[in-house]
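All remarks here apply to the structure that follows.
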Amino acid sequence: MGDKGSPGLRRILSFASIIVLLRLAHGDLSYSIPEEMKRGSVIGNVAKDLGVDLRTLSSRKARIDVEGTRKRYCDINMSTGDLITSERIDRENICGQKPSCVLKYDIVLENPLELRRVTLHIQDVNDNSPEFKDDNIRMEISESADKGNRFSIEEAHDADIGQNAVQRYVLQKNDNFVLSLGTSSGGSKYGELVLNKELDREEQQEMKLLLTAVDGGSPQRSGTVVIHVVVLDANDNAPVFTQAEYQTTLRENSPLKTSVITVSATDADEGINGHVTYEFNQLSEKSHEIFSLDQNTGEITVIGEIDYEEGSKYELFVEAKDGYGLTSEAKVIIKITDVNDNAPMIHVKSLNVPIPENVPPGTEVGIINVQDRDSDNNKQVKCFIQQSVPFKLVPSIKNYYSLVTTGQLDREVVSDYNITITATDEGSPPLSSSKSVHLSVADINDNPPVFEEQSYSAYVTENNRPGSSLCSVTARDPDWRQNGTVVYSLLPGEVNGAQVSSYLSVNGDTGVIHAVRSFDYEQWRSFKVQVMARDNGSPPLSSNVSVSVFISDVNDNSPQILYPTPEGNSFMTELVPKAAHGGSLVSKVIAVDADSGQNAWLSYHIVKSTDPGLFTIGLHSGEIRTQRDISESDSMKQNLIVAVKDNGQPSLSATCSMHLLISDNLAEVPELKDISYDDKNSKLTWYLIIALVCVSTFFLTFIIIILGVRFCRRRKPRMLFDGAVAIPSAYLPPNYADVDGTGTLRSTYNYDAYLTTGSRTSDFKFVSSYNDNTLPADQTLRKSPSDFADVFGDSDGSPEVGMLVKPF
């Protein structure tokens, strides 16, 4: 027996490593390689043979594709572009005794989808020695056999083919037999023993001959068997089959013990010489597992699984032998008929996930391969998608389909698709299979943030605390992760000439707007800002919203009295005619409030008066009127304290004092000294007193000088004054103009000083208030010398100067 791993085999492999590349007309590739190449051996460079560079080969995801569960014996080295062996290739195991052993694969290139057929022709290597079925062959030959009779010998089996198969037999030298070589109908070599000298049982009852089978490989391999020849009495006829070749069909998946065919042979001899038995000759291991032969009847039955996809045709050799060893052989051909017993198989060869949502319709996102191991119509497959989804299968090359988009994807509407691909063959009955494919959609920043409201309004009371929250804005972005993360900010701008950031701030994460400062309603009542919501996509998208801030009033301003001046600032006096009737307007208190609304609704109240029943004040007008007629018994001096209150909560107020003098004539007004007031409430009073003392001192000094000059110049009297004398007037209150149409009383007073005689009190006297009937001061003070002489005369009494000022 030969050794399968001998050094000679390695030498053959080294020579057989030369690979012949055949280019087909349509661009497919064909390689011829020896079997038993080591794993990782280079078959050829597909990158060069396909005319693509290594980068293109990698970017297009080049790969070897196989059908179904077939074993893949080669692969592509992406770094070099070489087609290399990935498994040990044993031609005998793959193709058996087929004269041609071919492996066909597809090279798949994506983007765009392209298929290139690769054909590997596996060349036989002499790695198997010839083998006989048994170590000993027993042959019983009658001594009456004639010279030249032929006796067939069991063939030696060599798994190799062609020249590496059995080429000849060598018989050990002997006196009775020579070896004759022949070729069977299957092309195999066989030997026959030819009787060269008659046998004589009396001389030699048995003999042993060594038969050697030799193949034609290099180096040669051989196998031996011992032929044990037993010399018997005469056996004249060999069995004869009714047919030299039997043919039949067998349905795939036939049950066990199914009868396939019965062969029959007859022998013309009688008795034990005519008893025929049957046995397989040269039966492959696979066939031995599937079929069984009844030695007595010649019936072939099924003992294993019949699978059309594993083998569609079987050739069996049946040998018929009589009782004394004469044999004959017949060939049995069994054809397997296909049954639709294989459902289509769906293979996802490529899937580009996640799929960007902005891919245009018609974009290829996957490659699907559908295979059916059956044949003919049973192999024809239709593939489709069951659901209503924006994807479809487009037939591509051979049994490949491209999974392409049919519409615009929107991750915010549907982020994942679970599609079911169904494949149905055209067998009877049809078989189908389904496969679920999960497709996820990748987010693209195609949605700007959207605010929940078109505009926002924030209401805050004035005098708020800095840092307090005013309102919150919220924007939603349906995009995913950073594309949907919203950041808030204030758009640059100005409010009342100042940057908006000095008024408000916004939390970038939550959208809560805070006040940076305290607001004053009296300065501004509302303003608008723009808030921007921006996502973190690339490029970022944004949207703006208007936020109106309304400041509500707080009662934080007390009423401000415009007339009369509030108590403590001045001393106000009004004249009331004695003949005033009830309801007569005496004066009016005018006040304003910087607040608004009910906080600015003012009411007027007399909180204290000299005669409570004499005067009343309008609740909302502030007009002071008499409640009854003035009587003689009423005190000439009437003091009123008026409070002005607003309507806020809590209410704020201000007070003022009103001094009324009931008199028709200014001359009747009591002396200034009798009108007392709180000195500490007005410094102006002290200033007036000092001014009066200074003026009085000046006038007295001036008069003394004039009198002295007059006595010195008696003969020539002189005028006291060459012109007008400007007498300092008392404090004159400002003119009050109308405020917001409230009708403030307008009174203007001018005061002139006169030199008087005959007065023992040396007082200043009031003159009537200035009006259209009163002469201007420049006409009353500008006197001629004669006028002064008439006034002063030659009286011995010292002239007295009196002036009474109505102060304000």
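Labeling convention for the structure tokens: chains A, B, ... as they appear, residues from 1 per chain, ligands from 1 in order of appearance.
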- Message: Give me the residues near Asp664 (chain A) as a ChimeraX atom specification, where near means some atom within 9 Å (using only C-alpha atoms) and where sequence neighbours in that chain fewer than 6 positions away do not count.
- Response: /A:575-579
- Task: Skip Phe291 (chain A) itself and residues of its chain fewer than 3 positions away, then list as a list in words all residues within 10 Å of it, counting only C-alpha atoms.
- Result: Leu256, Lys257, Thr258, Ser259, Val260, Phe280, Leu283, Lys286, Ser287, His288, Ile300, Thr301, Val302, Ile303, Gly304, Glu305, Ile306, Tyr314 and Leu316 of chain A
- If you count only C-alpha atoms, which residues fall within 12 Å of Ser469 (chain A), apart from same-chain ones fewer than 4 positions away, as a PyMOL selection string? chain A and resi 458-461+464-465+473+504-507+510-518+549
Would you output that residue set with all heavy atoms, as a short mmCIF file (atom, residue, chain, number, x, y, z; two decimals), in the first residue's frame?
```cif
data_model
loop_
_atom_site.label_atom_id
_atom_site.label_comp_id
_atom_site.auth_asym_id
_atom_site.auth_seq_id
_atom_site.Cartn_x
_atom_site.Cartn_y
_atom_site.Cartn_z
N ALA A 458 -43.50 87.84 29.86
CA ALA A 458 -43.07 87.71 31.26
C ALA A 458 -43.58 88.92 32.03
O ALA A 458 -43.50 90.06 31.56
CB ALA A 458 -41.55 87.63 31.33
N TYR A 459 -44.11 88.68 33.19
CA TYR A 459 -44.66 89.72 34.04
C TYR A 459 -43.87 89.75 35.34
O TYR A 459 -43.70 88.72 36.00
CB TYR A 459 -46.14 89.47 34.32
CG TYR A 459 -46.99 89.47 33.07
CD1 TYR A 459 -47.22 88.29 32.36
CD2 TYR A 459 -47.55 90.66 32.58
CE1 TYR A 459 -47.98 88.29 31.20
CE2 TYR A 459 -48.32 90.65 31.43
CZ TYR A 459 -48.53 89.47 30.74
OH TYR A 459 -49.29 89.47 29.60
N VAL A 460 -43.39 90.93 35.65
CA VAL A 460 -42.59 91.09 36.85
C VAL A 460 -42.98 92.40 37.53
O VAL A 460 -43.27 93.41 36.87
CB VAL A 460 -41.08 91.08 36.50
CG1 VAL A 460 -40.73 92.19 35.52
CG2 VAL A 460 -40.23 91.21 37.76
N THR A 461 -43.07 92.35 38.83
CA THR A 461 -43.36 93.57 39.60
C THR A 461 -42.08 94.37 39.76
O THR A 461 -40.99 93.80 39.87
CB THR A 461 -43.96 93.22 40.96
OG1 THR A 461 -43.04 92.38 41.67
CG2 THR A 461 -45.28 92.51 40.81
N ASN A 464 -38.09 94.31 41.83
CA ASN A 464 -37.80 92.89 41.98
C ASN A 464 -36.37 92.69 42.43
O ASN A 464 -35.52 93.58 42.28
CB ASN A 464 -38.02 92.17 40.64
CG ASN A 464 -37.15 92.75 39.55
OD1 ASN A 464 -37.36 93.90 39.16
ND2 ASN A 464 -36.18 91.99 39.06
N ARG A 465 -36.12 91.49 42.94
CA ARG A 465 -34.77 91.18 43.39
C ARG A 465 -33.93 90.74 42.20
O ARG A 465 -34.35 89.88 41.41
CB ARG A 465 -34.83 90.06 44.43
CG ARG A 465 -33.47 89.73 45.04
CD ARG A 465 -33.62 88.67 46.11
NE ARG A 465 -34.14 87.44 45.51
CZ ARG A 465 -34.44 86.35 46.20
NH1 ARG A 465 -34.32 86.36 47.52
NH2 ARG A 465 -34.89 85.27 45.59
N VAL A 473 -38.49 79.79 28.59
CA VAL A 473 -38.79 79.50 27.19
C VAL A 473 -38.33 78.07 26.91
O VAL A 473 -37.33 77.60 27.47
CB VAL A 473 -38.09 80.49 26.24
CG1 VAL A 473 -38.61 81.89 26.45
CG2 VAL A 473 -36.58 80.46 26.43
N LEU A 504 -31.31 91.32 31.39
CA LEU A 504 -31.76 89.93 31.53
C LEU A 504 -30.61 88.99 31.25
O LEU A 504 -29.62 89.34 30.60
CB LEU A 504 -32.91 89.63 30.55
CG LEU A 504 -34.19 90.45 30.65
CD1 LEU A 504 -35.14 90.07 29.53
CD2 LEU A 504 -34.87 90.25 32.00
N SER A 505 -30.77 87.78 31.74
CA SER A 505 -29.89 86.68 31.39
C SER A 505 -30.74 85.44 31.21
O SER A 505 -31.85 85.35 31.75
CB SER A 505 -28.83 86.45 32.47
OG SER A 505 -29.43 85.99 33.67
N VAL A 506 -30.23 84.48 30.42
CA VAL A 506 -30.98 83.25 30.17
C VAL A 506 -30.07 82.07 30.44
O VAL A 506 -28.88 82.07 30.10
CB VAL A 506 -31.53 83.20 28.72
CG1 VAL A 506 -30.40 83.22 27.71
CG2 VAL A 506 -32.41 81.97 28.52
N ASN A 507 -30.62 81.07 31.12
CA ASN A 507 -29.89 79.84 31.38
C ASN A 507 -29.78 79.06 30.07
O ASN A 507 -30.80 78.70 29.47
CB ASN A 507 -30.61 79.01 32.45
CG ASN A 507 -29.79 77.81 32.89
OD1 ASN A 507 -29.43 76.97 32.10
ND2 ASN A 507 -29.52 77.73 34.18
N THR A 510 -31.58 75.41 30.48
CA THR A 510 -33.00 75.27 30.85
C THR A 510 -33.90 76.28 30.16
O THR A 510 -35.11 76.08 30.10
CB THR A 510 -33.16 75.40 32.37
OG1 THR A 510 -32.75 76.73 32.78
CG2 THR A 510 -32.30 74.37 33.09
N GLY A 511 -33.35 77.40 29.67
CA GLY A 511 -34.18 78.42 29.05
C GLY A 511 -34.87 79.33 30.04
O GLY A 511 -35.75 80.10 29.66
N VAL A 512 -34.47 79.26 31.34
CA VAL A 512 -35.08 80.14 32.34
C VAL A 512 -34.44 81.52 32.22
O VAL A 512 -33.22 81.67 32.21
CB VAL A 512 -34.88 79.56 33.75
CG1 VAL A 512 -35.44 80.52 34.80
CG2 VAL A 512 -35.56 78.21 33.87
N ILE A 513 -35.31 82.53 32.13
CA ILE A 513 -34.85 83.91 32.00
C ILE A 513 -34.84 84.56 33.38
O ILE A 513 -35.84 84.51 34.11
CB ILE A 513 -35.75 84.69 31.02
CG1 ILE A 513 -35.69 84.06 29.62
CG2 ILE A 513 -35.34 86.15 30.96
CD1 ILE A 513 -36.61 84.71 28.62
N HIS A 514 -33.71 85.19 33.72
CA HIS A 514 -33.54 85.84 35.01
C HIS A 514 -33.35 87.34 34.82
O HIS A 514 -32.84 87.79 33.79
CB HIS A 514 -32.32 85.27 35.75
CG HIS A 514 -32.42 83.81 36.06
ND1 HIS A 514 -33.00 83.33 37.20
CD2 HIS A 514 -32.02 82.72 35.35
CE1 HIS A 514 -32.96 82.00 37.20
NE2 HIS A 514 -32.35 81.60 36.07
N ALA A 515 -33.78 88.08 35.83
CA ALA A 515 -33.56 89.52 35.84
C ALA A 515 -32.17 89.81 36.39
O ALA A 515 -31.77 89.24 37.41
CB ALA A 515 -34.62 90.21 36.69
N VAL A 516 -31.44 90.64 35.69
CA VAL A 516 -30.09 91.01 36.15
C VAL A 516 -30.15 92.17 37.13
O VAL A 516 -29.34 92.28 38.03
CB VAL A 516 -29.20 91.33 34.94
CG1 VAL A 516 -27.82 91.83 35.37
CG2 VAL A 516 -29.05 90.11 34.05
N ARG A 517 -31.15 93.04 36.97
CA ARG A 517 -31.27 94.23 37.82
C ARG A 517 -32.70 94.36 38.33
O ARG A 517 -33.58 93.61 37.92
CB ARG A 517 -30.90 95.48 37.02
CG ARG A 517 -31.82 95.72 35.84
CD ARG A 517 -31.69 97.13 35.29
NE ARG A 517 -30.36 97.37 34.73
CZ ARG A 517 -30.03 98.50 34.13
NH1 ARG A 517 -30.93 99.46 34.02
NH2 ARG A 517 -28.83 98.66 33.62
N SER A 518 -32.87 95.31 39.18
CA SER A 518 -34.21 95.63 39.69
C SER A 518 -34.85 96.64 38.74
O SER A 518 -34.22 97.60 38.31
CB SER A 518 -34.11 96.21 41.10
OG SER A 518 -35.39 96.54 41.58
N VAL A 549 -41.36 91.64 28.13
CA VAL A 549 -41.30 91.76 29.59
C VAL A 549 -42.17 92.94 30.00
O VAL A 549 -41.94 94.08 29.56
CB VAL A 549 -39.85 91.95 30.08
CG1 VAL A 549 -39.82 92.08 31.60
CG2 VAL A 549 -38.98 90.79 29.62
#
```
- Determine, counting only C-alpha atoms, which protein, DNA and RNA residues have an atom within 8 Å of an atom of Ser402 (chain A); residues of the same chain fewer than 4 positions away are not included. Present the result as a ChimeraX atom specification. /A:113,364-368,393-396
Polymer residues at most 12 Å from Asn496 (chain A), only C-alpha atoms, same-chain spacing of 4 or more positions, as a PDB file with C-alpha atoms, in the first residue's frame:
```pdb
ATOM      1  CA  VAL A 500     -29.925  93.754  26.827  1.00  0.00           C
ATOM      2  CA  SER A 502     -27.537  94.308  31.562  1.00  0.00           C
ATOM      3  CA  TYR A 503     -31.255  93.666  32.032  1.00  0.00           C
ATOM      4  CA  GLN A 523     -38.735 104.458  34.270  1.00  0.00           C
ATOM      5  CA  TRP A 524     -40.105 101.961  31.764  1.00  0.00           C
ATOM      6  CA  ARG A 525     -43.115  99.751  31.676  1.00  0.00           C
ATOM      7  CA  SER A 526     -42.193  97.087  29.115  1.00  0.00           C
ATOM      8  CA  PHE A 527     -39.516  96.036  26.683  1.00  0.00           C
ATOM      9  CA  LYS A 528     -38.824  93.202  24.256  1.00  0.00           C
ATOM     10  CA  VAL A 529     -35.843  90.905  23.820  1.00  0.00           C
TER      11      VAL A 529
END
```
- Task: Could you give me the residues within region 523-720 of chain A that DSSP places in alpha helix (DSSP H), as a VMD selection string?
- Result: chain A and resid 683 to 712
- Phe132 (chain A) proximity check over A:Leu585, A:Leu120, A:Val226, A:Ala654, using only C-alpha atoms: winner is A:Val226
- Message: Need to verify the contact set: Asp106 (chain A), 7 Å, only C-alpha atoms, exclusion of same-chain residues closer than 4 positions in sequence. Can you return it as a ChimeraX atom specification?
- Response: /A:64-66,115-118
- Message: as number ranges by chain, please: the residues near region 240-249 of chain A (cut-off 12 Å, only C-alpha atoms, same-chain neighbours under 6 positions excluded).
- Response: A: 185-186, 259-269, 274-278, 298, 300, 306, 308, 312-322, 326-338
Give the strand (DSSP E) residues of region 207-288 of chain A, as DSSP finds them on the backbone, and put them as a compact mmCIF listing (two decimals) with N, CA and C atoms, in the first residue's frame.
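That gives us selection.txt:
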```txt
# COMPACT_ATOMS: atom_id res chain seq x y z
N MET A 207 -2.65 -22.53 -5.31
CA MET A 207 -1.45 -21.70 -5.48
C MET A 207 -1.77 -20.24 -5.09
N LYS A 208 -0.73 -19.49 -4.73
CA LYS A 208 -0.90 -18.07 -4.34
C LYS A 208 -0.04 -17.22 -5.26
N LEU A 209 -0.71 -16.23 -5.85
CA LEU A 209 -0.05 -15.33 -6.79
C LEU A 209 -0.14 -13.90 -6.26
N LEU A 210 0.96 -13.13 -6.39
CA LEU A 210 0.98 -11.72 -5.95
C LEU A 210 0.69 -10.82 -7.13
N LEU A 211 -0.39 -10.04 -7.01
CA LEU A 211 -0.77 -9.11 -8.08
C LEU A 211 -0.52 -7.68 -7.59
N THR A 212 0.17 -6.91 -8.40
CA THR A 212 0.51 -5.52 -8.04
C THR A 212 -0.18 -4.58 -9.03
N ALA A 213 -0.89 -3.56 -8.45
CA ALA A 213 -1.50 -2.50 -9.27
C ALA A 213 -0.63 -1.27 -9.18
N VAL A 214 -0.28 -0.69 -10.33
CA VAL A 214 0.63 0.45 -10.37
C VAL A 214 -0.07 1.60 -11.10
N ASP A 215 0.01 2.86 -10.48
CA ASP A 215 -0.59 4.03 -11.14
C ASP A 215 0.45 4.67 -12.04
N SER A 222 1.75 2.17 -5.76
CA SER A 222 1.26 0.83 -6.09
C SER A 222 0.54 0.21 -4.90
N GLY A 223 -0.24 -0.82 -5.22
CA GLY A 223 -0.93 -1.60 -4.20
C GLY A 223 -0.94 -3.06 -4.61
N THR A 224 -0.94 -3.97 -3.66
CA THR A 224 -0.84 -5.40 -3.96
C THR A 224 -1.99 -6.17 -3.35
N VAL A 225 -2.23 -7.36 -3.92
CA VAL A 225 -3.24 -8.28 -3.42
C VAL A 225 -2.74 -9.70 -3.69
N VAL A 226 -3.09 -10.61 -2.83
CA VAL A 226 -2.70 -12.02 -3.00
C VAL A 226 -3.88 -12.77 -3.61
N ILE A 227 -3.62 -13.43 -4.76
CA ILE A 227 -4.66 -14.22 -5.43
C ILE A 227 -4.47 -15.69 -5.01
N HIS A 228 -5.47 -16.17 -4.30
CA HIS A 228 -5.42 -17.56 -3.84
C HIS A 228 -6.24 -18.40 -4.83
N VAL A 229 -5.55 -19.22 -5.65
CA VAL A 229 -6.20 -20.03 -6.68
C VAL A 229 -6.37 -21.46 -6.12
N VAL A 230 -7.62 -21.87 -6.10
CA VAL A 230 -7.96 -23.23 -5.66
C VAL A 230 -8.39 -24.02 -6.90
N VAL A 231 -7.77 -25.15 -7.13
CA VAL A 231 -8.07 -25.96 -8.31
C VAL A 231 -9.23 -26.89 -7.97
N LEU A 232 -10.30 -26.82 -8.77
CA LEU A 232 -11.51 -27.59 -8.55
C LEU A 232 -11.79 -28.46 -9.77
N VAL A 240 -24.26 -14.86 -16.73
CA VAL A 240 -24.51 -13.87 -17.78
C VAL A 240 -25.69 -13.00 -17.35
N PHE A 241 -25.46 -11.62 -17.32
CA PHE A 241 -26.52 -10.67 -16.96
C PHE A 241 -27.51 -10.53 -18.10
N GLU A 245 -26.06 -3.09 -19.19
CA GLU A 245 -26.19 -1.81 -18.44
C GLU A 245 -27.65 -1.63 -18.05
N TYR A 246 -27.84 -1.32 -16.79
CA TYR A 246 -29.19 -1.07 -16.27
C TYR A 246 -29.32 0.43 -15.96
N GLN A 247 -30.44 0.98 -16.29
CA GLN A 247 -30.73 2.39 -15.98
C GLN A 247 -32.09 2.49 -15.29
N THR A 248 -32.15 3.39 -14.31
CA THR A 248 -33.40 3.61 -13.59
C THR A 248 -33.38 5.02 -12.98
N THR A 249 -34.54 5.46 -12.53
CA THR A 249 -34.66 6.77 -11.85
C THR A 249 -35.15 6.53 -10.43
N LEU A 250 -34.73 7.42 -9.56
CA LEU A 250 -35.11 7.33 -8.14
C LEU A 250 -35.48 8.71 -7.65
N ARG A 251 -36.61 8.79 -7.04
CA ARG A 251 -37.10 10.07 -6.55
C ARG A 251 -36.30 10.49 -5.31
N SER A 259 -37.14 -0.09 -3.06
CA SER A 259 -36.48 -0.89 -4.09
C SER A 259 -36.13 -0.01 -5.28
N VAL A 260 -34.86 -0.04 -5.65
CA VAL A 260 -34.41 0.79 -6.75
C VAL A 260 -34.48 0.02 -8.07
N ILE A 261 -33.84 -1.11 -8.12
CA ILE A 261 -33.82 -1.95 -9.33
C ILE A 261 -33.31 -3.34 -8.93
N THR A 262 -33.64 -4.33 -9.74
CA THR A 262 -33.15 -5.70 -9.52
C THR A 262 -32.40 -6.17 -10.75
N ALA A 265 -28.73 -12.30 -13.35
CA ALA A 265 -27.75 -13.02 -14.17
C ALA A 265 -28.04 -14.53 -14.07
N THR A 266 -27.80 -15.24 -15.15
CA THR A 266 -28.04 -16.69 -15.18
C THR A 266 -26.75 -17.43 -15.50
N THR A 277 -24.45 -15.53 -7.20
CA THR A 277 -24.55 -14.51 -6.13
C THR A 277 -24.09 -13.17 -6.69
N TYR A 278 -24.54 -12.09 -6.02
CA TYR A 278 -24.28 -10.73 -6.52
C TYR A 278 -23.54 -9.92 -5.44
N GLU A 279 -22.68 -9.02 -5.90
CA GLU A 279 -21.99 -8.09 -4.99
C GLU A 279 -21.52 -6.87 -5.79
N PHE A 280 -21.37 -5.75 -5.02
CA PHE A 280 -20.90 -4.51 -5.67
C PHE A 280 -19.41 -4.61 -5.95
N ASN A 281 -19.04 -4.02 -7.03
CA ASN A 281 -17.63 -3.95 -7.39
C ASN A 281 -17.27 -2.47 -7.61
```
- Query: Which is closer to Ser433 (chain A) than all the others in A:Val359, A:Cys694, A:Met345, A:Val486, using only C-alpha atoms?
  - Reply: A:Met345
- Message: Between CA of Ile153 (chain A) and CA of Arg91 (chain A), what is the distance in Å, rounded to a tenth?
- Response: 27.7 Å
